[in-house]
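J.: Following this line is target_25.pdb, made up of PDB, C-alpha atoms, pLDDT in the B column:
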```
ATOM      1  CA  MET V 205     -37.788  19.856  31.805  1.00 53.00           C
ATOM      2  CA  ASN V 206     -36.146  17.775  34.500  1.00 51.00           C
ATOM      3  CA  PRO V 207     -32.665  18.627  35.846  1.00 49.00           C
ATOM      4  CA  SER V 208     -30.947  15.669  34.158  1.00 47.00           C
ATOM      5  CA  SER V 209     -32.357  16.688  30.724  1.00 45.00           C
ATOM      6  CA  ARG V 210     -31.072  20.247  31.243  1.00 42.00           C
ATOM      7  CA  ALA V 211     -27.659  18.953  32.225  1.00 40.00           C
ATOM      8  CA  LEU V 212     -27.565  16.722  29.143  1.00 41.00           C
ATOM      9  CA  ARG V 213     -28.527  19.624  26.824  1.00 43.00           C
ATOM     10  CA  LEU V 214     -25.988  21.903  28.465  1.00 37.00           C
ATOM     11  CA  GLY V 215     -23.293  19.208  28.100  1.00 44.00           C
ATOM     12  CA  VAL V 216     -24.098  18.758  24.386  1.00 42.00           C
ATOM     13  CA  LEU V 217     -24.065  22.531  23.872  1.00 40.00           C
ATOM     14  CA  LEU V 218     -20.759  22.942  25.681  1.00 40.00           C
ATOM     15  CA  SER V 219     -19.110  20.012  23.910  1.00 48.00           C
ATOM     16  CA  GLY V 220     -20.038  21.486  20.514  1.00 50.00           C
ATOM     17  CA  THR V 221     -18.757  24.879  21.650  1.00 53.00           C
ATOM     18  CA  GLY V 222     -15.617  23.208  23.008  1.00 55.00           C
ATOM     19  CA  ARG V 223     -14.848  21.601  19.635  1.00 60.00           C
ATOM     20  CA  THR V 224     -15.406  24.921  17.885  1.00 59.00           C
ATOM     21  CA  LEU V 225     -13.089  26.646  20.338  1.00 54.00           C
ATOM     22  CA  GLU V 226     -10.496  23.862  19.936  1.00 57.00           C
ATOM     23  CA  ASN V 227     -10.644  24.269  16.141  1.00 49.00           C
ATOM     24  CA  LEU V 228     -10.308  28.050  16.424  1.00 51.00           C
ATOM     25  CA  ILE V 229      -7.289  27.689  18.717  1.00 51.00           C
ATOM     26  CA  GLY V 230      -5.920  25.056  16.308  1.00 48.00           C
ATOM     27  CA  SER V 231      -6.236  27.461  13.371  1.00 52.00           C
ATOM     28  CA  ILE V 232      -4.444  30.182  15.346  1.00 54.00           C
ATOM     29  CA  THR V 233      -1.686  27.665  16.117  1.00 55.00           C
ATOM     30  CA  ILE V 234      -1.408  26.692  12.440  1.00 48.00           C
ATOM     31  CA  TYR V 235      -1.274  30.352  11.337  1.00 48.00           C
ATOM     32  CA  SER V 236       1.328  31.299  13.949  1.00 52.00           C
ATOM     33  CA  SER V 237       3.680  28.291  13.798  1.00 53.00           C
ATOM     34  CA  GLN V 238       3.098  27.648  10.062  1.00 61.00           C
ATOM     35  CA  PRO V 239       3.934  23.941   9.873  1.00 64.00           C
ATOM     36  CA  VAL V 240       2.258  24.148   6.461  1.00 78.00           C
ATOM     37  CA  ARG V 241       1.134  26.890   4.106  1.00 85.00           C
ATOM     38  CA  VAL V 242      -1.343  26.945   1.266  1.00 89.00           C
ATOM     39  CA  GLY V 243       0.293  25.150  -1.671  1.00 88.00           C
ATOM     40  CA  ASP V 244       2.514  22.874   0.457  1.00 87.00           C
ATOM     41  CA  VAL V 245       2.510  19.129  -0.094  1.00 88.00           C
ATOM     42  CA  CYS V 246       2.096  17.401   3.241  1.00 85.00           C
ATOM     43  CA  LYS V 247       1.332  14.065   4.813  1.00 87.00           C
ATOM     44  CA  PHE V 248      -1.061  13.901   7.732  1.00 84.00           C
ATOM     45  CA  GLY V 249      -1.572  10.365   8.995  1.00 85.00           C
ATOM     46  CA  ALA V 250      -2.342   8.292   5.909  1.00 87.00           C
ATOM     47  CA  THR V 251      -3.464  11.363   3.924  1.00 87.00           C
ATOM     48  CA  LEU V 252      -1.060  12.868   1.394  1.00 88.00           C
ATOM     49  CA  GLY V 253      -2.076  16.027  -0.407  1.00 91.00           C
ATOM     50  CA  VAL V 254      -1.672  19.703  -1.206  1.00 92.00           C
ATOM     51  CA  VAL V 255      -2.899  22.251   1.334  1.00 91.00           C
ATOM     52  CA  GLU V 256      -5.625  24.234  -0.420  1.00 94.00           C
ATOM     53  CA  GLU V 257      -7.059  26.198   2.478  1.00 89.00           C
ATOM     54  CA  ILE V 258      -6.477  26.793   6.167  1.00 84.00           C
ATOM     55  CA  GLY V 259      -9.839  27.864   7.532  1.00 83.00           C
ATOM     56  CA  LEU V 260     -11.075  28.737  10.996  1.00 79.00           C
ATOM     57  CA  ARG V 261     -12.544  25.262  11.523  1.00 81.00           C
ATOM     58  CA  ALA V 262     -10.562  22.948   9.264  1.00 85.00           C
ATOM     59  CA  THR V 263      -7.603  22.623   6.909  1.00 85.00           C
ATOM     60  CA  GLN V 264      -8.423  21.414   3.407  1.00 91.00           C
ATOM     61  CA  LEU V 265      -6.117  19.002   1.539  1.00 91.00           C
ATOM     62  CA  ARG V 266      -6.426  17.946  -2.115  1.00 94.00           C
ATOM     63  CA  THR V 267      -5.240  14.319  -2.296  1.00 92.00           C
ATOM     64  CA  LEU V 268      -3.361  12.647  -5.137  1.00 88.00           C
ATOM     65  CA  GLU V 269      -6.665  10.983  -6.074  1.00 92.00           C
ATOM     66  CA  ARG V 270      -8.018  14.565  -6.506  1.00 94.00           C
ATOM     67  CA  THR V 271     -10.463  14.249  -3.611  1.00 95.00           C
ATOM     68  CA  VAL V 272     -10.746  16.912  -0.920  1.00 94.00           C
ATOM     69  CA  VAL V 273     -10.185  16.068   2.738  1.00 91.00           C
ATOM     70  CA  HIS V 274     -11.133  18.443   5.554  1.00 91.00           C
ATOM     71  CA  ILE V 275      -9.148  17.932   8.754  1.00 85.00           C
ATOM     72  CA  PRO V 276     -10.394  19.724  11.891  1.00 85.00           C
ATOM     73  CA  ASN V 277      -7.752  22.227  12.989  1.00 78.00           C
ATOM     74  CA  ALA V 278      -7.839  20.930  16.563  1.00 78.00           C
ATOM     75  CA  LYS V 279      -6.591  17.579  15.224  1.00 78.00           C
ATOM     76  CA  PHE V 280      -4.364  19.052  12.506  1.00 71.00           C
ATOM     77  CA  SER V 281      -2.525  21.301  14.965  1.00 66.00           C
ATOM     78  CA  THR V 282      -1.772  18.540  17.479  1.00 70.00           C
ATOM     79  CA  ASP V 283      -0.895  15.511  15.333  1.00 76.00           C
ATOM     80  CA  ILE V 284       2.252  14.849  13.301  1.00 80.00           C
ATOM     81  CA  ILE V 285       2.401  16.710   9.980  1.00 83.00           C
ATOM     82  CA  GLU V 286       5.118  15.862   7.480  1.00 85.00           C
ATOM     83  CA  ASN V 287       5.726  18.849   5.186  1.00 85.00           C
ATOM     84  CA  LEU V 288       7.238  17.402   2.010  1.00 84.00           C
ATOM     85  CA  THR V 289       7.612  20.840   0.416  1.00 84.00           C
ATOM     86  CA  GLN V 290      10.251  21.796   2.980  1.00 80.00           C
ATOM     87  CA  ARG V 291      12.636  18.928   2.223  1.00 86.00           C
ATOM     88  CA  ASP V 292      15.983  19.937   0.750  1.00 90.00           C
ATOM     89  CA  LYS V 293      16.410  16.789  -1.380  1.00 94.00           C
ATOM     90  CA  ILE V 294      14.424  13.672  -2.244  1.00 94.00           C
ATOM     91  CA  LEU V 295      15.516  10.106  -1.524  1.00 95.00           C
ATOM     92  CA  TYR V 296      15.549   7.558  -4.341  1.00 96.00           C
ATOM     93  CA  ARG V 297      15.942   4.123  -2.790  1.00 96.00           C
ATOM     94  CA  THR V 298      15.663   0.880  -4.684  1.00 96.00           C
ATOM     95  CA  ARG V 299      17.209  -2.545  -5.128  1.00 96.00           C
ATOM     96  CA  LEU V 300      18.714  -3.791  -8.339  1.00 97.00           C
ATOM     97  CA  ARG V 301      18.446  -7.527  -8.807  1.00 97.00           C
ATOM     98  CA  LEU V 302      21.280  -8.772 -10.976  1.00 98.00           C
ATOM     99  CA  SER V 303      21.413 -12.255 -12.447  1.00 97.00           C
ATOM    100  CA  LEU V 304      22.853 -15.016 -10.257  1.00 96.00           C
ATOM    101  CA  GLN V 305      25.265 -15.638 -13.164  1.00 96.00           C
ATOM    102  CA  THR V 306      26.816 -12.184 -12.641  1.00 97.00           C
ATOM    103  CA  THR V 307      30.518 -12.724 -11.961  1.00 97.00           C
ATOM    104  CA  ALA V 308      32.488 -10.967  -9.243  1.00 97.00           C
ATOM    105  CA  GLN V 309      34.257  -8.926 -11.935  1.00 98.00           C
ATOM    106  CA  GLN V 310      30.932  -7.868 -13.504  1.00 98.00           C
ATOM    107  CA  MET V 311      29.533  -6.964 -10.086  1.00 98.00           C
ATOM    108  CA  GLN V 312      32.604  -4.848  -9.346  1.00 98.00           C
ATOM    109  CA  GLN V 313      32.225  -3.107 -12.717  1.00 98.00           C
ATOM    110  CA  VAL V 314      28.553  -2.332 -11.993  1.00 98.00           C
ATOM    111  CA  LEU V 315      29.331  -0.998  -8.496  1.00 98.00           C
ATOM    112  CA  GLU V 316      32.223   1.160  -9.735  1.00 98.00           C
ATOM    113  CA  GLY V 317      30.124   2.501 -12.609  1.00 98.00           C
ATOM    114  CA  ILE V 318      27.261   3.482 -10.312  1.00 98.00           C
ATOM    115  CA  ARG V 319      29.664   5.037  -7.774  1.00 98.00           C
ATOM    116  CA  GLU V 320      31.201   7.103 -10.556  1.00 98.00           C
ATOM    117  CA  LEU V 321      27.713   8.162 -11.637  1.00 98.00           C
ATOM    118  CA  ILE V 322      26.954   9.236  -8.056  1.00 97.00           C
ATOM    119  CA  GLU V 323      30.164  11.299  -7.903  1.00 97.00           C
ATOM    120  CA  GLN V 324      29.692  12.984 -11.293  1.00 97.00           C
ATOM    121  CA  HIS V 325      25.935  13.568 -11.569  1.00 97.00           C
ATOM    122  CA  GLU V 326      25.184  17.209 -10.787  1.00 96.00           C
ATOM    123  CA  LYS V 327      21.798  16.437  -9.214  1.00 97.00           C
ATOM    124  CA  ILE V 328      23.005  13.656  -6.887  1.00 97.00           C
ATOM    125  CA  ASP V 329      24.215  14.529  -3.391  1.00 96.00           C
ATOM    126  CA  GLU V 330      27.327  12.349  -3.378  1.00 95.00           C
ATOM    127  CA  GLN V 331      27.979  12.945   0.340  1.00 95.00           C
ATOM    128  CA  THR V 332      24.822  11.133   1.469  1.00 94.00           C
ATOM    129  CA  SER V 333      24.292   8.703  -1.422  1.00 96.00           C
ATOM    130  CA  ARG V 334      25.605   5.170  -1.684  1.00 96.00           C
ATOM    131  CA  VAL V 335      25.422   1.902  -3.571  1.00 97.00           C
ATOM    132  CA  ARG V 336      26.131  -1.462  -1.909  1.00 97.00           C
ATOM    133  CA  PHE V 337      26.099  -5.128  -2.892  1.00 98.00           C
ATOM    134  CA  LEU V 338      23.842  -6.392  -0.125  1.00 96.00           C
ATOM    135  CA  ASP V 339      22.673  -9.915  -0.637  1.00 95.00           C
ATOM    136  CA  PHE V 340      22.571 -13.176  -2.524  1.00 95.00           C
ATOM    137  CA  GLY V 341      18.850 -13.702  -2.959  1.00 91.00           C
ATOM    138  CA  ASP V 342      16.977 -16.784  -4.090  1.00 92.00           C
ATOM    139  CA  TYR V 343      16.907 -15.612  -7.699  1.00 94.00           C
ATOM    140  CA  ALA V 344      19.280 -12.623  -7.843  1.00 97.00           C
ATOM    141  CA  GLN V 345      22.276 -10.798  -6.420  1.00 97.00           C
ATOM    142  CA  GLU V 346      20.889  -7.649  -4.812  1.00 97.00           C
ATOM    143  CA  VAL V 347      22.415  -4.193  -4.975  1.00 98.00           C
ATOM    144  CA  GLU V 348      20.870  -1.358  -2.953  1.00 97.00           C
ATOM    145  CA  LEU V 349      20.789   2.215  -4.227  1.00 97.00           C
ATOM    146  CA  PHE V 350      20.358   4.955  -1.655  1.00 96.00           C
ATOM    147  CA  ILE V 351      20.535   8.190  -3.649  1.00 97.00           C
ATOM    148  CA  TYR V 352      19.519  11.703  -2.645  1.00 97.00           C
ATOM    149  CA  ILE V 353      18.472  13.826  -5.603  1.00 97.00           C
ATOM    150  CA  LYS V 354      19.094  17.543  -5.059  1.00 96.00           C
ATOM    151  CA  THR V 355      15.672  19.014  -5.776  1.00 94.00           C
ATOM    152  CA  GLN V 356      12.508  19.935  -3.934  1.00 89.00           C
ATOM    153  CA  ASP V 357      10.321  19.646  -7.027  1.00 88.00           C
ATOM    154  CA  PHE V 358       8.731  16.209  -7.444  1.00 86.00           C
ATOM    155  CA  ALA V 359       8.432  16.497 -11.243  1.00 90.00           C
ATOM    156  CA  GLU V 360      12.153  17.279 -11.500  1.00 94.00           C
ATOM    157  CA  TYR V 361      12.874  14.401  -9.105  1.00 94.00           C
ATOM    158  CA  LEU V 362      11.057  12.005 -11.454  1.00 94.00           C
ATOM    159  CA  GLN V 363      12.977  13.382 -14.448  1.00 97.00           C
ATOM    160  CA  GLN V 364      16.332  12.950 -12.659  1.00 97.00           C
ATOM    161  CA  ARG V 365      15.347   9.483 -11.435  1.00 97.00           C
ATOM    162  CA  GLU V 366      14.579   8.452 -15.006  1.00 98.00           C
ATOM    163  CA  ASP V 367      17.953   9.797 -16.176  1.00 98.00           C
ATOM    164  CA  ILE V 368      19.748   7.904 -13.384  1.00 98.00           C
ATOM    165  CA  ASN V 369      17.850   4.691 -14.205  1.00 98.00           C
ATOM    166  CA  LEU V 370      18.778   4.925 -17.891  1.00 98.00           C
ATOM    167  CA  ARG V 371      22.440   5.494 -17.041  1.00 98.00           C
ATOM    168  CA  ILE V 372      22.432   2.557 -14.602  1.00 98.00           C
ATOM    169  CA  ARG V 373      20.811   0.400 -17.260  1.00 97.00           C
ATOM    170  CA  GLY V 374      23.712   1.294 -19.569  1.00 98.00           C
ATOM    171  CA  ILE V 375      26.271   0.495 -16.847  1.00 98.00           C
ATOM    172  CA  ILE V 376      24.695  -2.944 -16.323  1.00 98.00           C
ATOM    173  CA  GLU V 377      24.625  -3.686 -20.068  1.00 98.00           C
ATOM    174  CA  THR V 378      28.244  -2.541 -20.493  1.00 98.00           C
ATOM    175  CA  ALA V 379      29.274  -4.900 -17.677  1.00 98.00           C
ATOM    176  CA  GLY V 380      27.682  -7.763 -19.611  1.00 97.00           C
ATOM    177  CA  THR V 381      25.087  -8.741 -17.023  1.00 97.00           C
ATOM    178  CA  GLU V 382      21.374  -8.220 -16.676  1.00 97.00           C
ATOM    179  CA  LEU V 383      18.545  -7.393 -14.316  1.00 97.00           C
ATOM    180  CA  VAL V 384      16.193 -10.219 -13.384  1.00 95.00           C
ATOM    181  CA  VAL V 385      12.702 -10.485 -11.951  1.00 89.00           C
ATOM    182  CA  PRO V 386      11.373 -13.245  -9.693  1.00 80.00           C
TER     183      PRO V 386
END
```
Re-express the file's structure as structure tokens.
T.:
Amino acid sequence: MNPSSRALRLGVLLSGTGRTLENLIGSITIYSSQPVRVGDVCKFGATLGVVEEIGLRATQLRTLERTVVHIPNAKFSTDIIENLTQRDKILYRTRLRLSLQTTAQQMQQVLEGIRELIEQHEKIDEQTSRVRFLDFGDYAQEVELFIYIKTQDFAEYLQQREDINLRIRGIIETAGTELVVP
């Protein structure tokens, strides 16, 4: 075997060992700093899923599509991880598009009704939530909702969001206007 072949083999062997060592160090980092734990919902790059296992070589995520993704710990421990389980509340942000025929009085009634809802709803953080009449669009008058729902549980968030939507729908109907689509 010539010297350059030996050097190439040694380089391949060391690079494989280096990755293994990087992954081992990555797993130690994950265990010690605990940016995520088994059962946490997290986002890593474009991957969103539940942490199922933190192994010596890789961390395993179960995606929303129910597939399993294995992320090498060397990468997982050095890139940005967003731990959604650790949030204290969940943002509900949307735009309501009210008819261009909505009068100023109707708009004021809708805004006041939603602001009252924000103040009185037990699951809405009224300190950080808001509603604003933002824009006259091509086909609608646009109102932005920026509401923090006080829960960490996504299923409860969806339930509260539905309740808020139904109440807003009632506020809009009571004001005598309507939502429109393009």
J.: May I ask for the distance between CA of Ala344 in chain V and CA of Val384 in chain V, given in Å to one decimal place?
T.: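 Result for CA of Ala344 in chain V versus CA of Val384 in chain V: 6.8 Å, one decimal.
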J.: Could you state which residues are captured by the PyMOL selection byres ((chain V and resi 240-247) around 6) in this file, as an NGL selection string?
T.: :V and (238-239 or 248 or 251-257 or 285-289)
J.: I'd like to know which of V:Asp292, V:Glu348, V:Asp342, V:Asp357 is closest to Asp329 in chain V, using all atoms listed in the file.
T.: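 Answer, going by the shortest atom-to-atom distance: V:Asp292.
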J.: Using only C-alpha atoms, determine which residues lie at most 9 Å from Thr298 in chain V, disregarding the query and same-chain residues fewer than 3 positions distant; provide the list as a list in words.
T.: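 Counting only the stated atoms, we get Val347, Glu348, Leu349, Phe350 and Ile351 of chain V.
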J.: Atoms to include: C-alpha atoms. Write the selected residues as a short mmCIF file (atom, residue, chain, number, x, y, z; two decimals), in the coordinates of the input.
T.:
```cif
data_model
loop_
_atom_site.label_atom_id
_atom_site.label_comp_id
_atom_site.auth_asym_id
_atom_site.auth_seq_id
_atom_site.Cartn_x
_atom_site.Cartn_y
_atom_site.Cartn_z
CA VAL V 347 22.42 -4.19 -4.97
CA GLU V 348 20.87 -1.36 -2.95
CA LEU V 349 20.79 2.22 -4.23
CA PHE V 350 20.36 4.96 -1.66
CA ILE V 351 20.54 8.19 -3.65
#
```
J.: Pick out the residues sitting within 12 Å of Ser303 in chain V, and hand them over as an mmCIF file with C-alpha atoms, keeping the file's coordinate frame; count only C-alpha atoms, and ignore anything fewer than 5 positions along from it in its own chain.
T.:
```
data_model
loop_
_atom_site.group_PDB
_atom_site.id
_atom_site.type_symbol
_atom_site.label_atom_id
_atom_site.label_comp_id
_atom_site.auth_asym_id
_atom_site.auth_seq_id
_atom_site.Cartn_x
_atom_site.Cartn_y
_atom_site.Cartn_z
ATOM 1 C CA ALA V 308 32.488 -10.967 -9.243
ATOM 2 C CA GLN V 310 30.932 -7.868 -13.504
ATOM 3 C CA MET V 311 29.533 -6.964 -10.086
ATOM 4 C CA PHE V 340 22.571 -13.176 -2.524
ATOM 5 C CA GLY V 341 18.850 -13.702 -2.959
ATOM 6 C CA ASP V 342 16.977 -16.784 -4.090
ATOM 7 C CA TYR V 343 16.907 -15.612 -7.699
ATOM 8 C CA ALA V 344 19.280 -12.623 -7.843
ATOM 9 C CA GLN V 345 22.276 -10.798 -6.420
ATOM 10 C CA GLU V 346 20.889 -7.649 -4.812
ATOM 11 C CA VAL V 347 22.415 -4.193 -4.975
ATOM 12 C CA ILE V 376 24.695 -2.944 -16.323
ATOM 13 C CA GLU V 377 24.625 -3.686 -20.068
ATOM 14 C CA ALA V 379 29.274 -4.900 -17.677
ATOM 15 C CA GLY V 380 27.682 -7.763 -19.611
ATOM 16 C CA THR V 381 25.087 -8.741 -17.023
ATOM 17 C CA GLU V 382 21.374 -8.220 -16.676
ATOM 18 C CA LEU V 383 18.545 -7.393 -14.316
ATOM 19 C CA VAL V 384 16.193 -10.219 -13.384
ATOM 20 C CA VAL V 385 12.702 -10.485 -11.951
ATOM 21 C CA PRO V 386 11.373 -13.245 -9.693
#
```
J.: Determine the nearest neighbour of Gln356 in chain V from the options V:Thr271, V:Gln264, V:Gln309, V:Leu295, counting all atoms listed in the file.
T.: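 Nearest to Gln356 in chain V: V:Leu295.
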J.: Could you please give me, as a compact mmCIF listing (two decimals) with C-alpha atoms, in the frame of the given file, the residues of protein, DNA or RNA lying at most 8 Å from (-10.0, 18.4, 7.2) in the coordinate frame of the file, considering all atoms listed in the file?
T.:
```
# COMPACT_ATOMS: atom_id res chain seq x y z
CA ALA V 262 -10.56 22.95 9.26
CA THR V 263 -7.60 22.62 6.91
CA GLN V 264 -8.42 21.41 3.41
CA LEU V 265 -6.12 19.00 1.54
CA VAL V 273 -10.18 16.07 2.74
CA HIS V 274 -11.13 18.44 5.55
CA ILE V 275 -9.15 17.93 8.75
CA PRO V 276 -10.39 19.72 11.89
CA ASN V 277 -7.75 22.23 12.99
CA PHE V 280 -4.36 19.05 12.51
```
J.: Give me, as an MDAnalysis selection string, all polymer residues having an atom no more than 10 Å from Lys354 in chain V, counting only C-alpha atoms and skipping those fewer than 5 positions away in the same chain.
T.: chainID V and resid 291:295 326:330 360:361 364
J.: Could you state the separation of CA of Leu268 in chain V and CA of Leu370 in chain V in Å, given to one decimal place?
T.: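 Calculated distance between CA of Leu268 in chain V and CA of Leu370 in chain V is 26.7 Å.
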J.: Taking all atoms listed in the file into account, name the residue in V:Ala278, V:Gly249, V:Arg266, V:Asp339 that is nearest to Leu304 in chain V.
T.: V:Asp339
J.: For Arg371 in chain V, which residue out of V:Gln324, V:Gln312, V:Gln305, V:Ser333 is the nearest one, using only C-alpha atoms?
T.: V:Gln324
J.: What gap, in Å, lies between CA of His325 in chain V and CA of Phe358 in chain V?
T.: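 Those two atoms sit 17.9 Å apart.
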J.: Calculated over only C-alpha atoms, which of the candidates V:Tyr296, V:Glu269, V:Arg319, V:Asp283 has the smallest distance to Gln363 in chain V?
T.: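 Using only C-alpha atoms, the shortest distance to Gln363 in chain V belongs to V:Tyr296.
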J.: Pick out the closest residue to Arg336 in chain V from this set: V:Arg373, V:Arg270, V:Arg297, V:Arg365. Count all atoms listed in the file.
T.: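 Closest residue, counting all atoms listed in the file: V:Arg297.
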